[in-house]
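Below is one structure, written out as structure tokens; comments come after it.
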Amino acid sequence: MRRLPIFKQYCEHTLGHFCDVYTTPEDWRVKFDRQLAILEQEGVIRAPSTEEKMLYRLKFTLSYVVAPLIVMWLAFKAFFYFTPVTTTVCLSDQTVSALPFEGADITLTYSDKSETCHVDRLTDEAIFKEIHSRYLGTPVQLSVTAKGYEPVDTVMELEKRLVVNIRRDKSLSVVFGTVKDEANRPLSGVTIQVIDLQTVSDEMGNFRLSVPLDKQQVQQRVQAFKKGYELWDFTGPVSDKIPWKIILRK
């Protein structure tokens with residue numbers, strides 16, 4: 001408190017500022033505005049021009065609005081760019097069949113990386129983790145190998161969820177082979193039956209029977225019969241590469 005008179009004397013005699021008393025905030029505002037007006041008239045200060053005001057507002061907007069937004073946007077882009085993503089690959093069976101699904105290997109290849117996931121059920125999903133986000137939207141190679149299905153080798157744009165269509169192959173679509181007698185001679189005219197499907201062996205004893213998709217099975221019951229010979233009845237695995245060898249006995 002003892003320093004206030006010294007400070008007042010210093011302001012009045014040295015700086016030329018005279019102290020005043022303000023009764024209310026409004027009284028302070030009026031007197032302060034009056035002093036500013038006097039200083040402006042004496043040329044000590046001057047009011048900024050319209051151009052200066054606009055420039056100040058522009059600088060303020062750039063500094064306190066635009067710049068922070070740009071920084072936030074760059075931070076978001078950097079976070080998105082450097083955060084790894086996870087891609088889920090699902091299989092969709094395009095064939096209507098009661099055949100069992102025996103698993104599949106799904107391989108995802110991008111850049112110089114390749115990863116394979118195995119799924120046991122058609123409803124399972126292959127999950128590929130720690131993929132750099134820069135690969136999103138870029139072409140990647142997807143391969144699917146599954147027993148009983150056509151192999152898939154395709155290129156897709158990488159997304160967080162991918163669906164690959166698969167179709168049954170023709171490995172169970174045909175029953176073929178030869179019919180011979182006990183002396184190993186070809187038999188023609190032998191009726192071959194699978195479920196309700198029939199065909200007849202040719203003069204060389206060869207037969208071929210196409211099985212539609214809705215009747216295909218991993219194992220089929222095959223019957224062969226001809227007048228004068230015993231019925232041949234056997235159930236075994238179906239293959240489009242291994243022929244059936246039937247021997248009829250009298």
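Ordered as shown in the structure tokens, chains take letters A, B, and onward, while each chain numbers its residues from 1 and ligands are numbered from 1 in the order shown.
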Considering only C-alpha atoms, return as a PDB file with all heavy atoms, in the first residue's frame whatever protein or nucleic-acid residues lie within 10 Å of Lys170 of chain A, sequence-local ones (same chain, fewer than 5 positions apart) excluded.
```
ATOM      1  N   GLY A 148     -13.741 -80.617 -53.937  1.00  0.00           N
ATOM      2  CA  GLY A 148     -15.080 -80.663 -54.508  1.00  0.00           C
ATOM      3  C   GLY A 148     -15.515 -79.369 -55.155  1.00  0.00           C
ATOM      4  O   GLY A 148     -16.636 -79.288 -55.670  1.00  0.00           O
ATOM      5  N   TYR A 149     -14.639 -78.339 -55.137  1.00  0.00           N
ATOM      6  CA  TYR A 149     -14.991 -77.040 -55.708  1.00  0.00           C
ATOM      7  C   TYR A 149     -13.964 -76.642 -56.764  1.00  0.00           C
ATOM      8  O   TYR A 149     -12.797 -77.046 -56.706  1.00  0.00           O
ATOM      9  CB  TYR A 149     -15.037 -75.963 -54.625  1.00  0.00           C
ATOM     10  CG  TYR A 149     -16.243 -76.059 -53.722  1.00  0.00           C
ATOM     11  CD1 TYR A 149     -16.249 -76.916 -52.630  1.00  0.00           C
ATOM     12  CD2 TYR A 149     -17.384 -75.312 -53.974  1.00  0.00           C
ATOM     13  CE1 TYR A 149     -17.353 -77.011 -51.799  1.00  0.00           C
ATOM     14  CE2 TYR A 149     -18.488 -75.395 -53.150  1.00  0.00           C
ATOM     15  CZ  TYR A 149     -18.473 -76.250 -52.069  1.00  0.00           C
ATOM     16  OH  TYR A 149     -19.570 -76.347 -51.252  1.00  0.00           O
ATOM     17  N   GLU A 150     -14.418 -75.841 -57.713  1.00  0.00           N
ATOM     18  CA  GLU A 150     -13.508 -75.306 -58.710  1.00  0.00           C
ATOM     19  C   GLU A 150     -12.527 -74.347 -58.040  1.00  0.00           C
ATOM     20  O   GLU A 150     -12.932 -73.538 -57.197  1.00  0.00           O
ATOM     21  CB  GLU A 150     -14.282 -74.569 -59.803  1.00  0.00           C
ATOM     22  CG  GLU A 150     -15.230 -75.455 -60.600  1.00  0.00           C
ATOM     23  CD  GLU A 150     -16.057 -74.669 -61.599  1.00  0.00           C
ATOM     24  OE1 GLU A 150     -15.937 -73.425 -61.607  1.00  0.00           O
ATOM     25  OE2 GLU A 150     -16.819 -75.294 -62.357  1.00  0.00           O
ATOM     26  N   SER A 210     -23.943 -89.500 -66.511  1.00  0.00           N
ATOM     27  CA  SER A 210     -23.869 -88.158 -65.915  1.00  0.00           C
ATOM     28  C   SER A 210     -24.839 -88.054 -64.753  1.00  0.00           C
ATOM     29  O   SER A 210     -25.994 -88.482 -64.845  1.00  0.00           O
ATOM     30  CB  SER A 210     -24.192 -87.094 -66.965  1.00  0.00           C
ATOM     31  OG  SER A 210     -23.218 -87.110 -67.999  1.00  0.00           O
ATOM     32  N   VAL A 211     -24.367 -87.459 -63.660  1.00  0.00           N
ATOM     33  CA  VAL A 211     -25.177 -87.307 -62.446  1.00  0.00           C
ATOM     34  C   VAL A 211     -25.411 -85.815 -62.213  1.00  0.00           C
ATOM     35  O   VAL A 211     -24.448 -85.058 -62.036  1.00  0.00           O
ATOM     36  CB  VAL A 211     -24.468 -87.928 -61.227  1.00  0.00           C
ATOM     37  CG1 VAL A 211     -25.339 -87.794 -59.984  1.00  0.00           C
ATOM     38  CG2 VAL A 211     -24.108 -89.390 -61.492  1.00  0.00           C
ATOM     39  N   PRO A 212     -26.668 -85.383 -62.210  1.00  0.00           N
ATOM     40  CA  PRO A 212     -26.941 -83.953 -61.970  1.00  0.00           C
ATOM     41  C   PRO A 212     -26.546 -83.551 -60.552  1.00  0.00           C
ATOM     42  O   PRO A 212     -26.421 -84.387 -59.660  1.00  0.00           O
ATOM     43  CB  PRO A 212     -28.450 -83.845 -62.194  1.00  0.00           C
ATOM     44  CG  PRO A 212     -28.979 -85.220 -61.970  1.00  0.00           C
ATOM     45  CD  PRO A 212     -27.905 -86.154 -62.417  1.00  0.00           C
ATOM     46  N   LEU A 213     -26.361 -82.246 -60.377  1.00  0.00           N
ATOM     47  CA  LEU A 213     -25.844 -81.725 -59.116  1.00  0.00           C
ATOM     48  C   LEU A 213     -26.692 -82.122 -57.920  1.00  0.00           C
ATOM     49  O   LEU A 213     -26.171 -82.472 -56.863  1.00  0.00           O
ATOM     50  CB  LEU A 213     -25.729 -80.196 -59.204  1.00  0.00           C
ATOM     51  CG  LEU A 213     -25.140 -79.492 -57.978  1.00  0.00           C
ATOM     52  CD1 LEU A 213     -23.707 -79.953 -57.746  1.00  0.00           C
ATOM     53  CD2 LEU A 213     -25.208 -77.986 -58.147  1.00  0.00           C
ATOM     54  N   GLN A 216     -25.782 -85.657 -56.798  1.00  0.00           N
ATOM     55  CA  GLN A 216     -24.388 -86.023 -56.589  1.00  0.00           C
ATOM     56  C   GLN A 216     -24.114 -86.334 -55.114  1.00  0.00           C
ATOM     57  O   GLN A 216     -24.658 -85.688 -54.216  1.00  0.00           O
ATOM     58  CB  GLN A 216     -23.466 -84.887 -57.052  1.00  0.00           C
ATOM     59  CG  GLN A 216     -23.466 -84.677 -58.554  1.00  0.00           C
ATOM     60  CD  GLN A 216     -22.603 -83.523 -58.984  1.00  0.00           C
ATOM     61  OE1 GLN A 216     -21.795 -83.001 -58.214  1.00  0.00           O
ATOM     62  NE2 GLN A 216     -22.758 -83.093 -60.233  1.00  0.00           N
ATOM     63  N   SER A 239     -15.355 -90.635 -58.523  1.00  0.00           N
ATOM     64  CA  SER A 239     -14.222 -89.843 -59.004  1.00  0.00           C
ATOM     65  C   SER A 239     -14.352 -89.669 -60.506  1.00  0.00           C
ATOM     66  O   SER A 239     -14.801 -90.577 -61.209  1.00  0.00           O
ATOM     67  CB  SER A 239     -12.899 -90.539 -58.667  1.00  0.00           C
ATOM     68  OG  SER A 239     -11.812 -89.885 -59.306  1.00  0.00           O
ATOM     69  N   ASP A 240     -13.982 -88.485 -60.974  1.00  0.00           N
ATOM     70  CA  ASP A 240     -14.002 -88.256 -62.420  1.00  0.00           C
ATOM     71  C   ASP A 240     -12.699 -88.685 -63.073  1.00  0.00           C
ATOM     72  O   ASP A 240     -12.502 -88.503 -64.273  1.00  0.00           O
ATOM     73  CB  ASP A 240     -14.268 -86.773 -62.720  1.00  0.00           C
ATOM     74  CG  ASP A 240     -13.201 -85.862 -62.120  1.00  0.00           C
ATOM     75  OD1 ASP A 240     -12.423 -86.335 -61.248  1.00  0.00           O
ATOM     76  OD2 ASP A 240     -13.145 -84.679 -62.507  1.00  0.00           O
TER      77      ASP A 240
END
```
Quick one: contact table of segment 124-187 of chain A to segment 111-116 of chain A, 10 Å max, nearest atom pair and distance in Å to one decimal per residue, counting only C-alpha atoms, chain and number order, as CSV?
```
residue,atom,partner,partner_atom,distance
A:Ala126,CA,A:Thr116,CA,8.7
A:Ile127,CA,A:Thr116,CA,9.6
A:Phe128,CA,A:Glu115,CA,7.7
A:Lys129,CA,A:Glu115,CA,9.8
A:Ile131,CA,A:Lys113,CA,9.8
A:Tyr135,CA,A:Ser111,CA,8.6
A:Thr138,CA,A:Ser111,CA,10.0
A:Pro139,CA,A:Ser111,CA,9.5
A:Val140,CA,A:Ser111,CA,8.0
A:Gln141,CA,A:Ser114,CA,9.1
A:Leu142,CA,A:Ser114,CA,9.7
A:Ser143,CA,A:Thr116,CA,9.0
A:Val144,CA,A:Thr116,CA,9.4
```
Could you turn the residues from that selection into a file that holds all heavy atoms, as a CSV table (one decimal), in the first residue's frame?
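Ended up saving to out_4.csv:
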```
chain,number,residue,atom,x,y,z
A,126,ALA,N,-12.4,-66.2,-42.9
A,126,ALA,CA,-10.9,-66.1,-42.9
A,126,ALA,C,-10.6,-64.6,-42.5
A,126,ALA,O,-11.0,-63.7,-43.2
A,126,ALA,CB,-10.3,-66.5,-44.2
A,127,ILE,N,-9.8,-64.5,-41.5
A,127,ILE,CA,-9.4,-63.1,-41.0
A,127,ILE,C,-8.0,-62.9,-41.2
A,127,ILE,O,-7.1,-63.6,-40.7
A,127,ILE,CB,-9.8,-63.0,-39.5
A,127,ILE,CG1,-11.3,-63.2,-39.3
A,127,ILE,CG2,-9.4,-61.6,-38.9
A,127,ILE,CD1,-11.7,-63.2,-37.8
A,128,PHE,N,-7.7,-61.8,-41.9
A,128,PHE,CA,-6.3,-61.4,-42.2
A,128,PHE,C,-6.0,-60.1,-41.5
A,128,PHE,O,-6.7,-59.1,-41.8
A,128,PHE,CB,-6.1,-61.2,-43.7
A,128,PHE,CG,-6.3,-62.5,-44.5
A,128,PHE,CD1,-7.6,-62.8,-45.0
A,128,PHE,CD2,-5.3,-63.4,-44.7
A,128,PHE,CE1,-7.8,-64.0,-45.7
A,128,PHE,CE2,-5.5,-64.5,-45.4
A,128,PHE,CZ,-6.7,-64.9,-45.9
A,129,LYS,N,-5.1,-60.1,-40.5
A,129,LYS,CA,-4.8,-58.9,-39.7
A,129,LYS,C,-3.6,-58.2,-40.1
A,129,LYS,O,-2.8,-58.7,-40.9
A,129,LYS,CB,-4.8,-59.4,-38.2
A,129,LYS,CG,-6.0,-60.0,-37.7
A,129,LYS,CD,-5.8,-60.5,-36.2
A,129,LYS,CE,-7.1,-61.1,-35.7
A,129,LYS,NZ,-6.9,-61.5,-34.2
A,131,ILE,N,-2.9,-55.6,-41.9
A,131,ILE,CA,-2.6,-55.1,-43.2
A,131,ILE,C,-2.5,-53.6,-43.3
A,131,ILE,O,-3.3,-52.9,-42.7
A,131,ILE,CB,-3.8,-55.6,-44.1
A,131,ILE,CG1,-3.9,-57.1,-44.1
A,131,ILE,CG2,-3.6,-55.1,-45.6
A,131,ILE,CD1,-5.1,-57.6,-44.9
A,135,TYR,N,-3.1,-50.2,-48.5
A,135,TYR,CA,-3.5,-51.2,-49.5
A,135,TYR,C,-5.0,-51.2,-49.7
A,135,TYR,O,-5.5,-51.9,-50.6
A,135,TYR,CB,-3.0,-52.6,-49.1
A,135,TYR,CG,-1.5,-52.7,-49.2
A,135,TYR,CD1,-0.8,-52.9,-48.0
A,135,TYR,CD2,-0.8,-52.7,-50.4
A,135,TYR,CE1,0.6,-53.0,-48.0
A,135,TYR,CE2,0.6,-52.8,-50.4
A,135,TYR,CZ,1.3,-52.9,-49.2
A,135,TYR,OH,2.6,-53.0,-49.2
A,138,THR,N,-6.8,-51.1,-53.2
A,138,THR,CA,-5.8,-51.5,-54.3
A,138,THR,C,-6.1,-52.9,-54.6
A,138,THR,O,-6.6,-53.7,-53.8
A,138,THR,CB,-4.4,-51.3,-53.8
A,138,THR,OG1,-4.2,-52.2,-52.7
A,138,THR,CG2,-4.1,-49.9,-53.4
A,139,PRO,N,-5.7,-53.4,-55.8
A,139,PRO,CA,-5.9,-54.8,-56.3
A,139,PRO,C,-5.1,-55.7,-55.4
A,139,PRO,O,-3.9,-55.5,-55.2
A,139,PRO,CB,-5.5,-54.8,-57.7
A,139,PRO,CG,-5.5,-53.3,-58.2
A,139,PRO,CD,-5.2,-52.5,-56.9
A,140,VAL,N,-5.7,-56.8,-55.0
A,140,VAL,CA,-5.0,-57.9,-54.3
A,140,VAL,C,-5.5,-59.2,-54.9
A,140,VAL,O,-6.5,-59.3,-55.6
A,140,VAL,CB,-5.3,-57.9,-52.8
A,140,VAL,CG1,-4.8,-56.7,-52.1
A,140,VAL,CG2,-6.8,-58.0,-52.6
A,141,GLN,N,-4.7,-60.2,-54.8
A,141,GLN,CA,-5.0,-61.5,-55.3
A,141,GLN,C,-5.6,-62.4,-54.3
A,141,GLN,O,-5.0,-62.6,-53.2
A,141,GLN,CB,-3.8,-62.2,-55.9
A,141,GLN,CG,-4.0,-63.5,-56.7
A,141,GLN,CD,-2.8,-64.0,-57.3
A,141,GLN,OE1,-1.7,-63.5,-57.2
A,141,GLN,NE2,-2.9,-65.1,-58.1
A,142,LEU,N,-6.7,-63.1,-54.6
A,142,LEU,CA,-7.3,-64.1,-53.7
A,142,LEU,C,-7.4,-65.4,-54.4
A,142,LEU,O,-7.9,-65.5,-55.5
A,142,LEU,CB,-8.7,-63.6,-53.3
A,142,LEU,CG,-8.9,-62.7,-52.1
A,142,LEU,CD1,-10.3,-62.2,-51.9
A,142,LEU,CD2,-8.5,-63.5,-50.8
A,143,SER,N,-7.0,-66.4,-53.6
A,143,SER,CA,-7.0,-67.8,-54.1
A,143,SER,C,-7.8,-68.7,-53.1
A,143,SER,O,-7.6,-68.5,-51.9
A,143,SER,CB,-5.6,-68.4,-54.4
A,143,SER,OG,-4.9,-67.5,-55.3
A,144,VAL,N,-8.6,-69.5,-53.7
A,144,VAL,CA,-9.4,-70.5,-52.8
A,144,VAL,C,-9.3,-71.9,-53.4
A,144,VAL,O,-9.5,-72.1,-54.6
A,144,VAL,CB,-10.9,-70.1,-52.7
A,144,VAL,CG1,-11.6,-71.0,-51.8
A,144,VAL,CG2,-11.0,-68.6,-52.2
```
Run DSSP on the backbone of this structure and report the residues of segment 15-177 of chain A it assigns to helix (DSSP H, G or I), as a PyMOL selection string. chain A and resi 15+25-41+50-82+133-135
Report as a VMD selection string all protein, DNA and RNA residues lying within 9 Å of Val119 of chain A, evaluated on only C-alpha atoms, omitting residues in the same chain fewer than 3 positions from it. chain A and resid 103 to 106 122 to 126
Output C-alpha atoms for every residue in that selection, as a PDB file, in the first residue's frame.
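And here's selection16.pdb as it stands now:
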```pdb
ATOM      1  CA  GLY A 103     -12.840 -77.110 -45.666  1.00  0.00           C
ATOM      2  CA  ALA A 104     -10.961 -74.600 -47.774  1.00  0.00           C
ATOM      3  CA  ASP A 105      -7.656 -72.754 -47.883  1.00  0.00           C
ATOM      4  CA  ILE A 106      -7.933 -69.027 -48.623  1.00  0.00           C
ATOM      5  CA  LEU A 122     -18.667 -72.696 -45.221  1.00  0.00           C
ATOM      6  CA  THR A 123     -19.998 -70.195 -42.666  1.00  0.00           C
ATOM      7  CA  ASP A 124     -16.530 -69.571 -41.204  1.00  0.00           C
ATOM      8  CA  GLU A 125     -14.611 -66.409 -42.029  1.00  0.00           C
ATOM      9  CA  ALA A 126     -10.940 -66.064 -42.895  1.00  0.00           C
TER      10      ALA A 126
END
```
Distance in Å - atom CA of Thr86 of chain A versus atom CA of Arg167 of chain A: 26.1 Å
Between atom CA of Met204 of chain A and atom CA of Pro186 of chain A - distance in Å to one decimal: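 Answer for the atom CA of Pro186 of chain A to atom CA of Met204 of chain A separation: 5.4 Å.
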What residues in segment 25-148 of chain A get the DSSP label strand (DSSP E or B)? Please answer as a PyMOL selection string. chain A and resi 85-93+104-110+113-119+125-131+139-146
Two-atom distance - atom CA of Ile195 of chain A, atom CA of Glu182 of chain A (Å): 25.8 Å
Which neighbours of Thr178 of chain A fall inside 12 Å, counting only C-alpha atoms, when residues of the same chain fewer than 5 positions from it are skipped, and could you give them as an MDAnalysis selection string? chainID A and resid 184:192 200:209 224 242:248
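Proximity of A:Val163, A:Met156, A:Leu69, A:Val194 to Leu91 of chain A, computed with only C-alpha atoms, is greatest for A:Val163.
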From the list A:Arg121, A:Phe176, A:Pro25, A:Asp169, which residue is nearest Ser97 of chain A when using only C-alpha atoms?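 Among A:Arg121, A:Phe176, A:Pro25, A:Asp169, it is A:Asp169 that comes nearest to Ser97 of chain A.
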